[in-house]
file run25.txt (compact mmCIF, C-alpha atoms)
# COMPACT_ATOMS: atom_id res chain seq x y z
CA MET A 5 -23.72 161.74 -51.71
CA HIS A 6 -23.14 158.24 -53.04
CA ILE A 7 -23.56 157.88 -56.81
CA ARG A 8 -23.66 154.43 -58.37
CA SER A 9 -23.09 153.69 -62.01
CA PRO A 10 -24.55 150.66 -63.73
CA ARG A 11 -22.45 147.50 -63.46
CA ALA A 12 -19.99 146.54 -66.16
CA LEU A 13 -21.55 144.36 -68.85
CA SER A 14 -18.94 141.62 -68.74
CA ARG A 15 -15.54 140.64 -67.42
CA GLU A 16 -12.87 139.13 -69.58
CA PHE A 17 -10.67 137.92 -66.71
CA ASP A 18 -10.92 135.65 -63.69
CA ALA A 19 -10.19 136.29 -60.00
CA ILE A 20 -6.63 134.92 -60.30
CA GLN A 21 -5.76 137.25 -63.18
CA PHE A 22 -7.33 140.19 -61.33
CA ARG A 23 -5.26 139.44 -58.20
CA GLN A 24 -2.07 139.12 -60.27
CA ALA A 25 -2.73 142.43 -61.98
CA LEU A 26 -3.39 144.16 -58.64
CA SER A 27 -0.16 142.73 -57.21
CA GLN A 28 1.82 144.79 -59.71
CA PHE A 29 0.75 148.01 -58.01
CA ALA A 30 3.22 148.67 -55.18
CA THR A 31 1.57 149.99 -52.03
CA GLY A 32 2.81 151.26 -48.71
CA VAL A 33 2.28 149.11 -45.65
CA THR A 34 0.42 150.25 -42.54
CA ILE A 35 -0.65 148.83 -39.22
CA ILE A 36 -3.96 150.17 -38.01
CA THR A 37 -4.52 150.12 -34.26
CA THR A 38 -7.45 150.68 -31.94
CA ARG A 39 -8.69 149.62 -28.50
CA LEU A 40 -11.29 146.97 -27.69
CA GLU A 41 -14.07 147.44 -25.13
CA ASN A 42 -12.12 145.35 -22.59
CA GLY A 43 -9.18 147.78 -22.82
CA SER A 44 -6.89 145.52 -24.85
CA PHE A 45 -5.45 146.67 -28.17
CA LEU A 46 -6.26 145.49 -31.66
CA GLY A 47 -4.04 145.93 -34.69
CA LEU A 48 -3.84 144.68 -38.26
CA THR A 49 -1.64 145.08 -41.30
CA ALA A 50 -3.22 146.89 -44.25
CA SER A 51 -1.88 148.08 -47.58
CA SER A 52 -5.14 149.72 -48.66
CA PHE A 53 -4.31 153.22 -47.42
CA ASN A 54 -4.72 156.45 -49.36
CA SER A 55 -5.15 160.19 -48.94
CA VAL A 56 -8.59 161.61 -49.72
CA SER A 57 -8.61 165.34 -48.89
CA LEU A 58 -6.35 168.06 -47.52
CA GLU A 59 -9.24 170.17 -46.19
CA PRO A 60 -10.59 168.61 -44.16
CA PRO A 61 -7.67 166.21 -43.73
CA LEU A 62 -9.09 162.81 -44.71
CA VAL A 63 -7.53 159.40 -45.37
CA LEU A 64 -9.04 156.04 -46.23
CA TRP A 65 -8.33 152.35 -45.80
CA SER A 66 -10.38 149.21 -46.30
CA LEU A 67 -11.12 146.02 -44.40
CA ALA A 68 -12.66 142.77 -45.60
CA ASN A 69 -16.25 142.07 -44.59
CA ALA A 70 -15.08 138.66 -43.35
CA SER A 71 -12.50 140.18 -40.96
CA SER A 72 -13.00 139.39 -37.29
CA SER A 73 -11.86 142.98 -36.61
CA LEU A 74 -14.64 144.65 -38.60
CA ASP A 75 -17.03 145.21 -35.70
CA ALA A 76 -14.34 146.73 -33.49
CA PHE A 77 -13.09 149.16 -36.14
CA SER A 78 -16.64 150.03 -37.24
CA GLY A 79 -17.79 150.79 -33.70
CA ASN A 80 -14.78 152.69 -32.35
CA SER A 81 -14.55 156.46 -32.51
CA HIS A 82 -10.80 156.51 -33.27
CA TYR A 83 -7.93 154.52 -34.76
CA VAL A 84 -4.26 155.15 -35.56
CA ILE A 85 -2.73 154.40 -38.95
CA ASN A 86 0.99 153.62 -38.54
CA VAL A 87 2.96 153.86 -41.81
CA LEU A 88 5.78 151.33 -41.64
CA GLY A 89 9.43 151.96 -42.37
CA ALA A 90 11.57 149.63 -44.47
CA GLU A 91 13.01 147.88 -41.40
CA GLN A 92 9.60 146.93 -39.99
CA VAL A 93 8.90 143.80 -42.06
CA ALA A 94 8.64 141.66 -38.90
CA LEU A 95 5.92 143.97 -37.53
CA ALA A 96 3.98 143.80 -40.82
CA GLU A 97 4.14 140.02 -40.73
CA ARG A 98 3.24 139.83 -37.02
CA PHE A 99 0.14 142.03 -37.38
CA GLY A 100 -0.85 140.23 -40.58
CA ARG A 101 -1.28 136.90 -38.78
CA ARG A 102 -3.74 135.66 -36.22
CA ARG A 103 -2.11 135.95 -32.83
CA THR A 104 -3.45 136.29 -29.31
CA ASN A 105 -1.48 139.38 -28.23
CA LYS A 106 0.19 141.10 -31.17
CA PHE A 107 1.41 143.93 -28.90
CA GLU A 108 3.34 141.72 -26.46
CA GLY A 109 7.03 142.60 -26.49
CA ILE A 110 6.85 145.45 -28.99
CA ASP A 111 7.53 149.12 -28.34
CA TYR A 112 4.74 151.64 -28.66
CA GLN A 113 3.44 154.79 -27.02
CA LEU A 114 -0.12 155.94 -26.59
CA SER A 115 -1.80 158.63 -28.64
CA ARG A 116 -3.85 161.33 -26.92
CA THR A 117 -6.90 159.04 -27.26
CA GLY A 118 -4.99 156.11 -25.74
CA LEU A 119 -4.25 154.16 -28.90
CA PRO A 120 -0.95 152.48 -29.83
CA ILE A 121 1.55 154.37 -31.96
CA LEU A 122 4.26 151.94 -33.05
CA THR A 123 7.82 152.97 -32.32
CA GLY A 124 9.84 153.45 -35.48
CA ALA A 125 6.90 154.15 -37.79
CA ALA A 126 7.71 156.48 -40.70
CA ALA A 127 4.50 158.41 -40.01
CA TRP A 128 1.25 158.03 -38.10
CA PHE A 129 -2.23 159.45 -38.30
CA GLU A 130 -4.66 159.55 -35.39
CA CYS A 131 -8.12 159.53 -36.96
CA HIS A 132 -11.71 160.08 -35.97
CA ASN A 133 -13.76 157.27 -37.54
CA ARG A 134 -15.71 159.66 -39.79
CA SER A 135 -17.55 157.33 -42.18
CA ARG A 136 -17.74 153.83 -43.60
CA TYR A 137 -18.86 152.66 -47.03
CA PRO A 138 -19.61 149.00 -47.79
CA GLU A 139 -18.38 148.15 -51.30
CA GLY A 140 -18.07 144.63 -52.68
CA ASP A 141 -16.41 142.34 -50.16
CA HIS A 142 -14.83 145.22 -48.15
CA VAL A 143 -15.77 148.24 -46.07
CA ILE A 144 -14.01 151.51 -46.89
CA PHE A 145 -13.16 153.52 -43.76
CA VAL A 146 -12.71 157.29 -44.08
CA GLY A 147 -10.85 158.84 -41.18
CA GLU A 148 -10.59 162.52 -40.34
CA VAL A 149 -7.03 163.12 -39.18
CA GLU A 150 -6.86 164.84 -35.78
CA HIS A 151 -3.10 164.50 -35.30
CA CYS A 152 -0.18 163.20 -37.34
CA GLU A 153 3.59 163.00 -37.13
CA VAL A 154 6.30 162.11 -39.60
CA HIS A 155 9.72 160.51 -39.14
CA PRO A 156 11.22 160.46 -42.67
CA GLN A 157 12.88 157.19 -43.62
CA ALA A 158 12.85 154.56 -46.33
CA GLY A 159 9.44 152.92 -46.53
CA LEU A 160 8.12 149.39 -46.57
CA VAL A 161 6.05 148.48 -49.63
CA PHE A 162 4.04 145.47 -50.72
CA HIS A 163 4.58 144.39 -54.33
CA ASP A 164 4.00 141.15 -56.19
CA GLY A 165 2.81 139.39 -53.04
CA LYS A 166 5.79 140.24 -50.84
CA PHE A 167 7.24 142.98 -48.66
CA VAL A 168 9.95 145.08 -50.31
CA LYS A 169 12.21 147.65 -48.66
CA THR A 170 12.63 150.98 -50.43
CA THR A 171 16.05 152.57 -50.39
CA GLY A 172 15.33 156.30 -50.14
CA ALA A 173 13.84 158.44 -47.41
call {"tool": "encode", "arguments": {"input": "run25.txt", "output": "structure tokens"}}
result
Amino acid sequence: MHIRSPRALSREFDAIQFRQALSQFATGVTIITTRLENGSFLGLTASSFNSVSLEPPLVLWSLANASSSLDAFSGNSHYVINVLGAEQVALAERFGRRRTNKFEGIDYQLSRTGLPILTGAAAWFECHNRSRYPEGDHVIFVGEVEHCEVHPQAGLVFHDGKFVKTTGA
């Protein structure tokens, strides 16, 4: 069920102030991977990841409507969410930019559905693409976790517009 409330009456801030306020919330950094119809891999950096439910095990992430990856992620049955460790800044930057083959020269193994799991990730979640909800200028993806693994380590976070390494595991 999708319940909508009436819109807010007014806003007393602009887009720049909103962005600055959001940047003060530190988030983890993930790379979400899937496979294209031609067999090649697709991956992107996302910090919009969150748990939804323990039973069933559900997680969510979001992707901009303007993203060239939207059709691929919307149409695929599965994707892997790789949670990055503190030492994986270069991977976050690499997958955050436009690049022909983001997977060239990096280490990964394949999940049971044939999707890239990045070597060194702090955790990963192999998800069935359960549902999608368009909201504003993004689509919210809800994934049902079919498999996950954890490799405890210090995490990589995004805060105030930059990547920051945490110190604890």
call {"tool": "closest_residue", "arguments": {"input": "run25.txt", "among": "A:Ser52, A:Asn105, A:Gln21, A:Thr31", "to": "A:Ala68", "atoms": "all atoms listed in the file"}}
result
A:Ser52
call {"tool": "closest_residue", "arguments": {"input": "run25.txt", "among": "A:Trp128, A:Phe53, A:Phe17, A:Phe22", "to": "A:Thr37", "atoms": "only C-alpha atoms"}}
result
A:Trp128
call {"tool": "atom_distance", "arguments": {"input": "run25.txt", "atom1": "atom CA of A:Gln113", "atom2": "atom CA of A:Arg98"}}
result
18.0 Å
call {"tool": "residues_near_point", "arguments": {"input": "run25.txt", "point": "(5.6, 152.7, -27.5)", "cutoff": "6 Å", "atoms": "only C-alpha atoms", "output": "list in words"}}
result
Asp111, Tyr112, Gln113, Leu122 and Thr123 of chain A
call {"tool": "atom_distance", "arguments": {"input": "run25.txt", "atom1": "atom CA of A:Arg15", "atom2": "atom CA of A:Val146"}}
result
28.8 Å
call {"tool": "residues_around", "arguments": {"input": "run25.txt", "residues": "A:Asn86", "least_positions_apart": "4", "cutoff": "12 Å", "atoms": "only C-alpha atoms", "output": "ChimeraX atom specification"}}
result
/A:32-38,47-51,53,65,92,95-96,99,112-113,115,119-131,152-155,159-160
call {"tool": "atom_distance", "arguments": {"input": "run25.txt", "atom1": "atom CA of A:Asn80", "atom2": "atom CA of A:Ser135"}}
result
11.2 Å
call {"tool": "residues_near_point", "arguments": {"input": "run25.txt", "point": "(3.0, 145.3, -55.3)", "cutoff": "6 Å", "atoms": "only C-alpha atoms", "output": "VMD selection string"}}
result
chain A and resid 27 to 31 162 to 164
call {"tool": "closest_residue", "arguments": {"input": "run25.txt", "among": "A:Val161, A:Val168, A:Val93, A:Leu74", "to": "A:Val143", "atoms": "all atoms listed in the file"}}
result
A:Leu74
call {"tool": "closest_residue", "arguments": {"input": "run25.txt", "among": "A:His151, A:Ser72, A:Ser81, A:Leu13", "to": "A:Arg116", "atoms": "all atoms listed in the file"}}
result
A:His151
call {"tool": "closest_residue", "arguments": {"input": "run25.txt", "among": "A:Ala25, A:Leu46, A:Ser66, A:Pro60", "to": "A:Gly140", "atoms": "only C-alpha atoms"}}
result
A:Ser66
call {"tool": "closest_residue", "arguments": {"input": "run25.txt", "among": "A:Gly118, A:Gly165, A:Pro10, A:Gly100", "to": "A:Leu40", "atoms": "all atoms listed in the file"}}
result
A:Gly118
call {"tool": "residues_around", "arguments": {"input": "run25.txt", "residues": "A:Arg134", "least_positions_apart": "6", "cutoff": "8 Å", "atoms": "only C-alpha atoms", "output": "PyMOL selection string"}}
result
chain A and resi 145-148
call {"tool": "write_last_selection", "arguments": {"input": "run25.txt", "atoms": "C-alpha atoms", "output": "mmCIF file, in the coordinates of the input"}}
result
data_model
loop_
_atom_site.group_PDB
_atom_site.id
_atom_site.type_symbol
_atom_site.label_atom_id
_atom_site.label_comp_id
_atom_site.auth_asym_id
_atom_site.auth_seq_id
_atom_site.Cartn_x
_atom_site.Cartn_y
_atom_site.Cartn_z
ATOM 1 C CA PHE A 145 -13.160 153.520 -43.760
ATOM 2 C CA VAL A 146 -12.710 157.290 -44.080
ATOM 3 C CA GLY A 147 -10.850 158.840 -41.180
ATOM 4 C CA GLU A 148 -10.590 162.520 -40.340
#
call {"tool": "decode", "arguments": {"input": "run25.txt", "residues": "stretch 76-90 of chain A", "atoms": "all heavy atoms", "output": "compact mmCIF listing (two decimals), in the first residue's frame"}}
result
# COMPACT_ATOMS: atom_id res chain seq x y z
N ALA A 76 18.56 -0.39 -16.82
CA ALA A 76 19.21 -1.67 -16.53
C ALA A 76 18.85 -2.16 -15.13
O ALA A 76 18.48 -3.32 -14.94
CB ALA A 76 20.72 -1.55 -16.68
N PHE A 77 18.96 -1.29 -14.13
CA PHE A 77 18.65 -1.72 -12.77
C PHE A 77 17.16 -1.99 -12.58
O PHE A 77 16.77 -2.88 -11.84
CB PHE A 77 19.15 -0.70 -11.74
CG PHE A 77 20.62 -0.82 -11.46
CD1 PHE A 77 21.52 0.08 -11.98
CD2 PHE A 77 21.11 -1.87 -10.69
CE1 PHE A 77 22.87 -0.04 -11.74
CE2 PHE A 77 22.47 -2.01 -10.44
CZ PHE A 77 23.35 -1.09 -10.97
N SER A 78 16.30 -1.25 -13.28
CA SER A 78 14.86 -1.47 -13.18
C SER A 78 14.45 -2.80 -13.79
O SER A 78 13.55 -3.47 -13.29
CB SER A 78 14.10 -0.33 -13.87
OG SER A 78 14.30 0.88 -13.19
N GLY A 79 15.10 -3.18 -14.89
CA GLY A 79 14.70 -4.37 -15.61
C GLY A 79 15.35 -5.66 -15.16
O GLY A 79 14.86 -6.75 -15.48
N ASN A 80 16.44 -5.60 -14.42
CA ASN A 80 17.15 -6.81 -14.01
C ASN A 80 16.51 -7.46 -12.78
O ASN A 80 15.97 -6.77 -11.92
CB ASN A 80 18.61 -6.51 -13.73
CG ASN A 80 19.39 -6.30 -15.00
OD1 ASN A 80 18.85 -6.33 -16.09
ND2 ASN A 80 20.69 -6.07 -14.86
N SER A 81 16.62 -8.77 -12.71
CA SER A 81 16.02 -9.48 -11.59
C SER A 81 16.86 -9.39 -10.32
O SER A 81 16.33 -9.54 -9.22
CB SER A 81 15.82 -10.96 -11.95
OG SER A 81 17.07 -11.60 -12.15
N HIS A 82 18.18 -9.16 -10.46
CA HIS A 82 19.07 -9.16 -9.31
C HIS A 82 20.12 -8.06 -9.40
O HIS A 82 20.46 -7.60 -10.50
CB HIS A 82 19.81 -10.51 -9.18
CG HIS A 82 18.93 -11.61 -8.74
ND1 HIS A 82 18.07 -12.27 -9.60
CD2 HIS A 82 18.76 -12.18 -7.52
CE1 HIS A 82 17.41 -13.20 -8.93
NE2 HIS A 82 17.81 -13.18 -7.67
N TYR A 83 20.66 -7.70 -8.25
CA TYR A 83 21.81 -6.81 -8.15
C TYR A 83 22.54 -7.14 -6.85
O TYR A 83 21.98 -7.80 -5.97
CB TYR A 83 21.43 -5.32 -8.22
CG TYR A 83 20.31 -4.90 -7.31
CD1 TYR A 83 20.52 -4.65 -5.95
CD2 TYR A 83 19.02 -4.73 -7.81
CE1 TYR A 83 19.48 -4.26 -5.13
CE2 TYR A 83 17.98 -4.33 -7.00
CZ TYR A 83 18.21 -4.10 -5.66
OH TYR A 83 17.18 -3.71 -4.84
N VAL A 84 23.80 -6.70 -6.76
CA VAL A 84 24.59 -6.88 -5.55
C VAL A 84 24.95 -5.50 -5.00
O VAL A 84 25.41 -4.63 -5.75
CB VAL A 84 25.88 -7.69 -5.81
CG1 VAL A 84 26.79 -7.68 -4.59
CG2 VAL A 84 25.54 -9.12 -6.20
N ILE A 85 24.73 -5.32 -3.71
CA ILE A 85 25.12 -4.09 -3.02
C ILE A 85 26.39 -4.41 -2.25
O ILE A 85 26.39 -5.24 -1.35
CB ILE A 85 24.02 -3.61 -2.07
CG1 ILE A 85 22.74 -3.34 -2.86
CG2 ILE A 85 24.48 -2.37 -1.31
CD1 ILE A 85 21.51 -3.09 -2.01
N ASN A 86 27.50 -3.77 -2.65
CA ASN A 86 28.81 -3.95 -2.02
C ASN A 86 29.04 -2.78 -1.07
O ASN A 86 29.07 -1.62 -1.51
CB ASN A 86 29.91 -3.93 -3.09
CG ASN A 86 29.81 -5.07 -4.07
OD1 ASN A 86 30.36 -6.13 -3.84
ND2 ASN A 86 29.11 -4.84 -5.18
N VAL A 87 29.18 -3.04 0.23
CA VAL A 87 29.43 -1.99 1.22
C VAL A 87 30.94 -1.80 1.30
O VAL A 87 31.68 -2.75 1.60
CB VAL A 87 28.86 -2.37 2.60
CG1 VAL A 87 29.18 -1.30 3.63
CG2 VAL A 87 27.35 -2.60 2.50
N LEU A 88 31.41 -0.59 1.02
CA LEU A 88 32.84 -0.36 0.92
C LEU A 88 33.53 -0.17 2.27
O LEU A 88 32.96 0.41 3.20
CB LEU A 88 33.12 0.86 0.05
CG LEU A 88 32.63 0.77 -1.40
CD1 LEU A 88 33.11 1.96 -2.20
CD2 LEU A 88 33.05 -0.54 -2.05
N GLY A 89 34.76 -0.68 2.33
CA GLY A 89 35.62 -0.48 3.47
C GLY A 89 36.38 0.83 3.35
O GLY A 89 36.43 1.45 2.27
N ALA A 90 36.97 1.27 4.44
CA ALA A 90 37.65 2.57 4.50
C ALA A 90 38.76 2.73 3.47
O ALA A 90 39.03 3.85 3.02
CB ALA A 90 38.22 2.78 5.91
